[in-house]
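Novice: If you scroll down you'll find the structure; I have some questions about it.
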Amino acid sequence: MNNILEKAKDIIDKIDIKGKDAVRGNITLLTEIDGVKIEWKSSNEAIISDKDIKKTIAGITYNQAAGVVNRQSEDVKVKLTATINCDGESLCKDIEVTVVKAPEKITEDDFGGYLFAHFIGEQEGHQEQIYFALSEDGLNFKDMNNLKPVLISNVGEGGVRDPYLYRSYEGDRFFLIATDLSIFNRGGWFQNEQGYYDASTTGSSNLVLWESTDLVNFGEPKLLPVAPKNAGMAWAPEMIYHEGTGEYVIFFSSSIMNPETKMKAKPNTIFYVTTRDFVNFSETKIFIDNQTDPDGKAREIIDTTLIKIGDTYYSASKDGDNSESNGGIRILKTNNIFDPDSWEKVLNLTDLGLDISGLGVKALDNGDLEGPELFLYNKKDWEDSNVPEYGIMADRYMADLGYLPLKTTDLEDANNSKGSWKVLSKEEYSFDKLKKRHGTIMSITYDEVERIKRTF
């Protein structure tokens, strides 16, 4: 066998499609391996596209790569043919995929509760794992699984923090991503001579992922290599589906290290990758760049959370390191999350002038709070069924008191002149026995509430 043919066969053998026996979303059709281009042909382009298409949303045109999947009322088999031409040697490979029938569309009336995924501390190894709490009103949560972790990481650093739970665009899959970090296994927090914590300069460049179709069976965890080159860590991931590109956007905090000095060359910044299958990822790019002081000095930014309302994306982040001035829990907005220069400031929580007496914090800023989490309350829990209500939780890390919840009906009420913002008193909510550290709250259906009760 000649060398060219061997290379061609080796490339053909590498071509495959993740989850081809049960496709539930858009798939990745690789366009090149080892410099050799791959062309695709679908036996049913109405079910799986084999060409790129353009999609315009809110005046912005995006490219949707081939592999867009349209699920039907029944399972459908589609043959995908990959063809390569390697220095004159042409080879083909057929891959049969099964597109699973589309689930019933979930409506606002189907949502009956909330699942809170979180970790609880770092003094013992079991605390940096995934815990679940359940609520039927978004205010009063009950710890699940007899106060024990629901998911335990046996990959990477052997601990997970800052979990984010996300329902797939189609509605019948769930992704739980988390920071690959164990402060317990590291022996605590240590600072280097630059003044930065060791975990943010020698940390893992991976995230941890679990996948599920029912919220009770999650399979084995796996590591996602997402951080930029020379990263010091990858922290506090979240994700959102982008209808324009047909991909999931995973964003997270990361620092850039100088490989020679081992010091930070760029403060913690929010980066992102895109993916369809959690195997193939785009190049890592900046999502939200550092905010700056009046003198131009860049501040750290971590712990970004995101919510889309209409055509506008709103983010909330911990802007500024613990002791940095001018920072806060800052809300920004944009209509294009792929343009890092398009974000505009909406407000800092300190701008709202809320009464925080008795809540264990001096101010609603970066010196007392981190890990903000934005979410939409279920319609049944709105005071007025015509006025959506949004929650923003923030972790009182400095006082070691766990989450503090706020509510609003208008994220752009920048100084609370409309009275749309309120911080909840301890009498208005309950997080049960376990301390809730940086986590996520996801709306779940009535059926999912009952399933989680039965299981955990």
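FYI, nothing fancy with the structure tokens labels: chains A, B, ... in order, residues from 1 per chain, ligands from 1 as they appear.
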I'd like the contact shell of A:Pro340 - 8 Å cut-off, only C-alpha atoms, skipping same-chain residues fewer than 2 positions apart - returned as a CSV table (one decimal) with N, CA, C and O atoms, in the first residue's frame.
Specialist:
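Full text of around_1.csv as output:
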```
chain,number,residue,atom,x,y,z
A,286,ILE,N,-12.0,36.1,23.4
A,286,ILE,CA,-12.5,37.0,24.6
A,286,ILE,C,-14.0,37.2,24.4
A,286,ILE,O,-14.5,37.5,23.4
A,287,PHE,N,-14.7,37.0,25.5
A,287,PHE,CA,-16.2,37.2,25.6
A,287,PHE,C,-16.5,38.6,26.2
A,287,PHE,O,-17.2,39.4,25.5
A,288,ILE,N,-16.0,38.8,27.4
A,288,ILE,CA,-16.1,40.2,28.0
A,288,ILE,C,-14.7,40.5,28.4
A,288,ILE,O,-14.1,39.8,29.2
A,289,ASP,N,-14.2,41.6,28.0
A,289,ASP,CA,-12.8,42.0,28.4
A,289,ASP,C,-12.8,42.7,29.7
A,289,ASP,O,-13.9,43.1,30.3
A,337,ILE,N,-23.2,38.8,21.4
A,337,ILE,CA,-22.3,38.3,22.3
A,337,ILE,C,-21.0,37.9,21.7
A,337,ILE,O,-20.0,37.5,22.4
A,338,PHE,N,-20.9,37.9,20.4
A,338,PHE,CA,-19.6,37.6,19.7
A,338,PHE,C,-18.7,38.8,19.5
A,338,PHE,O,-17.7,38.7,19.0
A,342,SER,N,-18.9,45.3,22.3
A,342,SER,CA,-20.3,45.8,22.2
A,342,SER,C,-21.0,45.9,23.6
A,342,SER,O,-22.1,46.4,23.6
A,343,TRP,N,-20.4,45.4,24.6
A,343,TRP,CA,-21.1,45.4,25.9
A,343,TRP,C,-21.2,46.8,26.5
A,343,TRP,O,-20.2,47.6,26.4
```
Novice: Can you pull out every residue from stretch 291-349 of chain A that DSSP, working from the backbone, puts in strand (DSSP E or B), and format the result as a PyMOL selection string?
Specialist: chain A and resi 292+298+301-309+312-319+328-334+344-348
Novice: Would you save the residues of that selection, restricted to N, CA and C atoms, as an mmCIF file, in the first residue's frame?
Specialist:
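part-v7.cif, written as the output of this step:
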```
data_model
loop_
_atom_site.group_PDB
_atom_site.id
_atom_site.type_symbol
_atom_site.label_atom_id
_atom_site.label_comp_id
_atom_site.auth_asym_id
_atom_site.auth_seq_id
_atom_site.Cartn_x
_atom_site.Cartn_y
_atom_site.Cartn_z
ATOM 1 N N THR A 292 -11.985 48.807 33.199
ATOM 2 C CA THR A 292 -10.800 49.560 33.604
ATOM 3 C C THR A 292 -11.142 50.634 34.618
ATOM 4 N N ALA A 298 -6.506 47.825 34.242
ATOM 5 C CA ALA A 298 -7.491 46.763 34.030
ATOM 6 C C ALA A 298 -7.820 46.065 35.342
ATOM 7 N N ILE A 301 -12.075 40.326 36.147
ATOM 8 C CA ILE A 301 -13.495 40.045 35.990
ATOM 9 C C ILE A 301 -13.673 38.536 35.973
ATOM 10 N N ILE A 302 -14.571 38.031 36.810
ATOM 11 C CA ILE A 302 -14.851 36.596 36.876
ATOM 12 C C ILE A 302 -16.352 36.384 37.079
ATOM 13 N N ASP A 303 -16.744 35.117 37.078
ATOM 14 C CA ASP A 303 -18.089 34.700 37.504
ATOM 15 C C ASP A 303 -19.204 35.353 36.691
ATOM 16 N N THR A 304 -19.106 35.288 35.380
ATOM 17 C CA THR A 304 -20.150 35.883 34.538
ATOM 18 C C THR A 304 -21.338 34.943 34.385
ATOM 19 N N THR A 305 -22.527 35.498 34.536
ATOM 20 C CA THR A 305 -23.781 34.803 34.279
ATOM 21 C C THR A 305 -24.531 35.568 33.195
ATOM 22 N N LEU A 306 -25.425 34.893 32.491
ATOM 23 C CA LEU A 306 -26.040 35.492 31.300
ATOM 24 C C LEU A 306 -27.505 35.111 31.211
ATOM 25 N N ILE A 307 -28.307 36.059 30.762
ATOM 26 C CA ILE A 307 -29.710 35.780 30.463
ATOM 27 C C ILE A 307 -30.094 36.580 29.224
ATOM 28 N N LYS A 308 -30.921 35.983 28.370
ATOM 29 C CA LYS A 308 -31.378 36.670 27.163
ATOM 30 C C LYS A 308 -32.840 37.056 27.342
ATOM 31 N N ILE A 309 -33.136 38.351 27.095
ATOM 32 C CA ILE A 309 -34.504 38.861 27.181
ATOM 33 C C ILE A 309 -34.803 39.536 25.853
ATOM 34 N N THR A 312 -31.910 41.012 23.560
ATOM 35 C CA THR A 312 -30.817 41.573 24.362
ATOM 36 C C THR A 312 -30.280 40.538 25.347
ATOM 37 N N TYR A 313 -28.952 40.452 25.407
ATOM 38 C CA TYR A 313 -28.276 39.611 26.392
ATOM 39 C C TYR A 313 -27.830 40.488 27.555
ATOM 40 N N TYR A 314 -28.122 40.044 28.774
ATOM 41 C CA TYR A 314 -27.668 40.732 29.970
ATOM 42 C C TYR A 314 -26.695 39.822 30.715
ATOM 43 N N SER A 315 -25.566 40.386 31.113
ATOM 44 C CA SER A 315 -24.600 39.635 31.905
ATOM 45 C C SER A 315 -24.465 40.277 33.274
ATOM 46 N N ALA A 316 -24.128 39.467 34.264
ATOM 47 C CA ALA A 316 -23.752 39.970 35.586
ATOM 48 C C ALA A 316 -22.448 39.282 35.947
ATOM 49 N N SER A 317 -21.482 40.046 36.436
ATOM 50 C CA SER A 317 -20.153 39.515 36.734
ATOM 51 C C SER A 317 -19.632 40.102 38.033
ATOM 52 N N LYS A 318 -18.671 39.409 38.612
ATOM 53 C CA LYS A 318 -17.883 40.003 39.686
ATOM 54 C C LYS A 318 -16.788 40.812 39.011
ATOM 55 N N ASP A 319 -16.945 42.133 39.023
ATOM 56 C CA ASP A 319 -16.003 43.037 38.371
ATOM 57 C C ASP A 319 -15.031 43.547 39.428
ATOM 58 N N GLY A 328 -17.459 45.903 41.334
ATOM 59 C CA GLY A 328 -18.778 45.618 41.887
ATOM 60 C C GLY A 328 -19.371 44.375 41.282
ATOM 61 N N ILE A 329 -20.637 44.142 41.534
ATOM 62 C CA ILE A 329 -21.406 43.133 40.799
ATOM 63 C C ILE A 329 -22.077 43.904 39.681
ATOM 64 N N ARG A 330 -21.513 43.796 38.495
ATOM 65 C CA ARG A 330 -21.852 44.684 37.384
ATOM 66 C C ARG A 330 -22.705 43.975 36.347
ATOM 67 N N ILE A 331 -23.772 44.639 35.915
ATOM 68 C CA ILE A 331 -24.638 44.150 34.841
ATOM 69 C C ILE A 331 -24.320 44.928 33.564
ATOM 70 N N LEU A 332 -24.078 44.186 32.493
ATOM 71 C CA LEU A 332 -23.822 44.755 31.171
ATOM 72 C C LEU A 332 -24.870 44.214 30.198
ATOM 73 N N LYS A 333 -24.945 44.803 29.019
ATOM 74 C CA LYS A 333 -25.874 44.294 28.001
ATOM 75 C C LYS A 333 -25.264 44.419 26.615
ATOM 76 N N THR A 334 -25.749 43.570 25.698
ATOM 77 C CA THR A 334 -25.336 43.613 24.300
ATOM 78 C C THR A 334 -26.391 42.909 23.453
ATOM 79 N N GLU A 344 -22.338 47.148 27.025
ATOM 80 C CA GLU A 344 -22.556 48.454 27.645
ATOM 81 C C GLU A 344 -22.957 48.252 29.105
ATOM 82 N N LYS A 345 -22.486 49.144 29.954
ATOM 83 C CA LYS A 345 -22.851 49.057 31.374
ATOM 84 C C LYS A 345 -24.321 49.405 31.572
ATOM 85 N N VAL A 346 -24.999 48.591 32.387
ATOM 86 C CA VAL A 346 -26.367 48.895 32.811
ATOM 87 C C VAL A 346 -26.333 49.456 34.229
ATOM 88 N N LEU A 347 -25.707 48.703 35.144
ATOM 89 C CA LEU A 347 -25.637 49.153 36.530
ATOM 90 C C LEU A 347 -24.681 48.280 37.329
ATOM 91 N N ASN A 348 -24.259 48.783 38.481
ATOM 92 C CA ASN A 348 -23.676 47.984 39.547
ATOM 93 C C ASN A 348 -24.750 47.827 40.615
#
```
Novice: Quick one: everything within 8 Å of A:Phe174, counting only C-alpha atoms, minus sequence neighbours fewer than 6 positions away in the same chain. Send it as a list in words.
Specialist: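 What passes the distance filter is Leu165, Tyr166, Arg167, Ser168, Glu211, Ser212, Thr213, Asp214 and Leu215 of chain A.
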Novice: Contacts between stretch 232-251 of chain A and stretch 159-193 of chain A, please, where a residue of stretch 159-193 of chain A counts if it comes within 6 Å (with only C-alpha atoms); show its shortest atom pair and distance in Å to one decimal, rows by chain and ascending number, as a tab-separated table.
Specialist:
```
residue	atom	partner	partner_atom	distance
A:Asp162	CA	A:Ala236	CA	5.1
A:Tyr164	CA	A:Glu238	CA	5.6
A:Thr179	CA	A:Trp235	CA	5.1
```
Novice: If we count only C-alpha atoms, what is near A:Ile60 at a cut-off of 9 Å, once residues fewer than 3 positions away on the same chain are taken out, given as an NGL selection string?
Specialist: :A and (55-57 or 244 or 335-336)
Novice: Show me a table, sorted first by chain and then by increasing residue number, of the residues of stretch 206-275 of chain A having an atom at most 12 Å from stretch 150-157 of chain A, each with its shortest atom pair and the distance in Å to one decimal, counting only C-alpha atoms and written as CSV.
Specialist:
```
residue,atom,partner,partner_atom,distance
A:Asn206,CA,A:Gly156,CA,7.9
A:Leu207,CA,A:Gly156,CA,8.8
A:Val208,CA,A:Val155,CA,7.9
A:Leu209,CA,A:Ser153,CA,9.5
A:Trp210,CA,A:Leu151,CA,8.8
A:Glu211,CA,A:Leu151,CA,11.3
A:Ser212,CA,A:Leu151,CA,11.9
A:Leu215,CA,A:Val150,CA,10.6
A:Val216,CA,A:Val150,CA,8.8
A:Asn217,CA,A:Leu151,CA,9.8
A:Phe218,CA,A:Leu151,CA,8.1
A:Gly219,CA,A:Leu151,CA,9.4
A:Glu220,CA,A:Ser153,CA,8.4
A:Pro221,CA,A:Ser153,CA,6.4
A:Lys222,CA,A:Val155,CA,6.9
A:Leu223,CA,A:Val155,CA,7.1
A:Leu224,CA,A:Gly156,CA,10.2
A:Pro225,CA,A:Gly156,CA,11.1
A:Met233,CA,A:Glu157,CA,12.0
```
Novice: Counting only C-alpha atoms, what is within 7 Å of A:Pro149, bar same-chain residues fewer than 4 positions away, as a PyMOL selection string?
Specialist: chain A and resi 129-131
Novice: Extract, using only C-alpha atoms, all DNA, RNA and protein residues at most 8 Å from A:Met257, discarding same-chain residues fewer than 3 positions from it, and format them as a ChimeraX atom specification.
Specialist: /A:201,230-232,262-266
Novice: Would you pick out the contacts of A:Lys20 at 8 Å or less, using only C-alpha atoms, so that residues sharing its chain but fewer than 4 positions from it are not included, and give the list as a list in words?
Specialist: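 These residues fall inside the cut-off: Glu96, Val97, Thr98 and Val99 of chain A.
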Novice: Considering only C-alpha atoms, tabulate each residue of stretch 52-127 of chain A that lies at most 12 Å from stretch 400-415 of chain A along with its nearest interatomic pair and the corresponding distance in Å to one decimal; arrange the rows by chain and ascending residue number and present them as JSON lines.
Specialist:
```
{"residue": "A:Phe116", "atom": "CA", "partner": "A:Tyr403", "partner_atom": "CA", "distance": 11.6}
{"residue": "A:His118", "atom": "CA", "partner": "A:Tyr403", "partner_atom": "CA", "distance": 10.5}
{"residue": "A:Phe119", "atom": "CA", "partner": "A:Gly402", "partner_atom": "CA", "distance": 10.3}
{"residue": "A:Ile120", "atom": "CA", "partner": "A:Gly402", "partner_atom": "CA", "distance": 8.5}
{"residue": "A:Gly121", "atom": "CA", "partner": "A:Asp400", "partner_atom": "CA", "distance": 9.3}
{"residue": "A:Glu122", "atom": "CA", "partner": "A:Asp400", "partner_atom": "CA", "distance": 11.4}
```
Novice: When you count only C-alpha atoms, which of these residues is closest to A:Asp180: A:Val226, A:Ile84, A:Leu29, A:Val36?
Specialist: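 Result for the nearest residue to A:Asp180: A:Val226.
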Novice: Would you mind reading off the distance between atom CA of A:Asn378 and atom CA of A:Lys453, one decimal, in Å?
Specialist: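 Those two atoms sit 18.8 Å apart.
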Novice: For A:Phe456, which residue among A:Lys380, A:Lys433, A:Arg186, A:Lys142 is the nearest when counting only C-alpha atoms?
Specialist: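 Of the candidates, the smallest distance to A:Phe456 is held by A:Lys142.
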Novice: Would you mind telling me which residue in A:Ile11, A:Ile452, A:Ile48, A:Leu434 lies nearest to A:Lys77 when using only C-alpha atoms?
Specialist: A:Ile48
Novice: Assign secondary structure with DSSP using the backbone only, and return the residues of stretch 71-305 of chain A in alpha helix (DSSP H) as a PyMOL selection string.
Specialist: chain A and resi 183-186
Novice: For each of A:Gly59, A:Gly371, A:Gly171, A:Gly25, take the minimum atom-to-atom distance to A:Ser443, counting only C-alpha atoms, then give the residue where this is smallest.
Specialist: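 Checking each of A:Gly59, A:Gly371, A:Gly171, A:Gly25 against A:Ser443, counting only C-alpha atoms, the winner is A:Gly171.
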